[in-house]
Amino acid sequence: GSGQAVFGSEVSFRIRAEGQQVNVERFSTPAGTGLDLSQRLALFRSFLGGIPQFDADGEINLYLPAVVAGDTVIREVGMDLRPAPLGEGWQIRNLEAQLPGRTDMRADGQLLLGDKFEYQGELVLASRQPSGLAKWLGSDASPAIRELSVAGFSADTLISGYLVEFNNVEIVLNNEVLKGEIRRDMTSGERPGLRANLTGDRVDFDQLASLFDLV
C-alpha cells in the first residue's frame, strides 16, 4: 500500500493498504467452530483492536480479499477508518464484507475499543442463503429458516458490553416486511432478555422466532 504523514502544528496521515489474506487468529485467541453472534463480534473486535490507533487526524483505507477467522473465510472486506477522539477507537465508513450464507454486510458508525466497547451506527445484512448464515452463527438451521430463500435486516444499531439495541428496524423474510425496534439486555449473571416491537402485514412466526434465536 501507500502512506502519507504531515507534521506541523497539527499531525495528519493517510494510509491505503491492500493485502492477500489475513488470519484473525494471529490477533486473538484461536476461534473454534459454531461460535454464536457475541463470540463472532468479539473476534471482530480483536481484529480491529490489532490495528494501531493514532491520536491524530487521518484516514486508513483497507481492503482484504479474504479474512480467515477460525472455521470461516470472510471475503471482500473493505473499510475506511478514521481515528475516534483520544485514540479510543475508529469512525467506520463503508465497511463491507461477504459473510457465510451468501450474506452481504455493510456498516457505518463509530466503534469504541479499550475498556469500553461500543458500536453505534448503521448495520445492514442481506442473505441469499439464511440457513448458511444461521449455521455460521452457531445455530442449527431450523426447518423454518431452511424455508427462507432470502432474509434482510437493517437498523440503527447500538452494541455495547451487555446491550444490543436496534432502532428503525426493517426485517425482510422472503416477501414479508416488518418494521420497528428490538432490544436485547445481556446483563452479566442474568438470563438475557429480548424485547421487540414490530409491525407488518403478515409474518411466519416460526421464521421470526428462528431469527431471534440468532441475536
# chains A, B, ... in the order shown; residues from 1 in each chain; ligands from 1
>>> residues_around(residues="Tyr119 of chain A", least_positions_apart="4", cutoff="6 Å", atoms="only C-alpha atoms", output="list in words")
Gln110, Leu111, Leu158 and Ile159 of chain A
>>> select_by_dssp(residues="segment 39-182 of chain A", states="strand (DSSP E)", output="PyMOL selection string")
chain A and resi 57-69+72-83+89-99+103-112+118-127+151-160+163-173+176-182
>>> residues_around(residues="Trp90 of chain A", least_positions_apart="4", cutoff="8 Å", atoms="only C-alpha atoms", output="ChimeraX atom specification")
/A:81-84,110-112
>>> write_last_selection(atoms="N, CA and C atoms", output="PDB file, in the first residue's frame")
ATOM      1  N   LEU A  81     -11.367   3.885   7.708  1.00  0.00           N
ATOM      2  CA  LEU A  81     -11.297   4.129   9.141  1.00  0.00           C
ATOM      3  C   LEU A  81     -10.699   5.502   9.421  1.00  0.00           C
ATOM      4  N   ARG A  82     -11.314   6.209  10.369  1.00  0.00           N
ATOM      5  CA  ARG A  82     -10.760   7.449  10.884  1.00  0.00           C
ATOM      6  C   ARG A  82     -10.662   7.324  12.407  1.00  0.00           C
ATOM      7  N   PRO A  83      -9.598   7.814  13.024  1.00  0.00           N
ATOM      8  CA  PRO A  83      -9.456   7.682  14.473  1.00  0.00           C
ATOM      9  C   PRO A  83     -10.590   8.379  15.219  1.00  0.00           C
ATOM     10  N   ALA A  84     -11.101   7.696  16.239  1.00  0.00           N
ATOM     11  CA  ALA A  84     -12.071   8.323  17.133  1.00  0.00           C
ATOM     12  C   ALA A  84     -11.317   9.292  18.056  1.00  0.00           C
ATOM     13  N   GLN A 110     -19.532   4.427  14.615  1.00  0.00           N
ATOM     14  CA  GLN A 110     -18.377   4.639  15.488  1.00  0.00           C
ATOM     15  C   GLN A 110     -18.162   3.425  16.378  1.00  0.00           C
ATOM     16  N   LEU A 111     -16.919   2.968  16.410  1.00  0.00           N
ATOM     17  CA  LEU A 111     -16.544   1.817  17.225  1.00  0.00           C
ATOM     18  C   LEU A 111     -15.570   2.260  18.301  1.00  0.00           C
ATOM     19  N   LEU A 112     -15.954   2.081  19.567  1.00  0.00           N
ATOM     20  CA  LEU A 112     -15.078   2.393  20.695  1.00  0.00           C
ATOM     21  C   LEU A 112     -14.441   1.104  21.190  1.00  0.00           C
TER      22      LEU A 112
END
>>> closest_residue(among="A:Ala17, A:Ala56, A:Val68, A:Ile171", to="Leu211 of chain A", atoms="only C-alpha atoms")
A:Ile171
>>> closest_residue(among="A:Gly78, A:Gly193, A:Pro65, A:Gly200", to="Gly180 of chain A", atoms="only C-alpha atoms")
A:Gly200
>>> closest_residue(among="A:Asp71, A:Asp57, A:Glu181, A:Glu118", to="Pro85 of chain A", atoms="only C-alpha atoms")
A:Asp57
>>> closest_residue(among="A:Thr157, A:Asn167, A:Thr72, A:Ser46", to="Gly89 of chain A", atoms="only C-alpha atoms")
A:Ser46
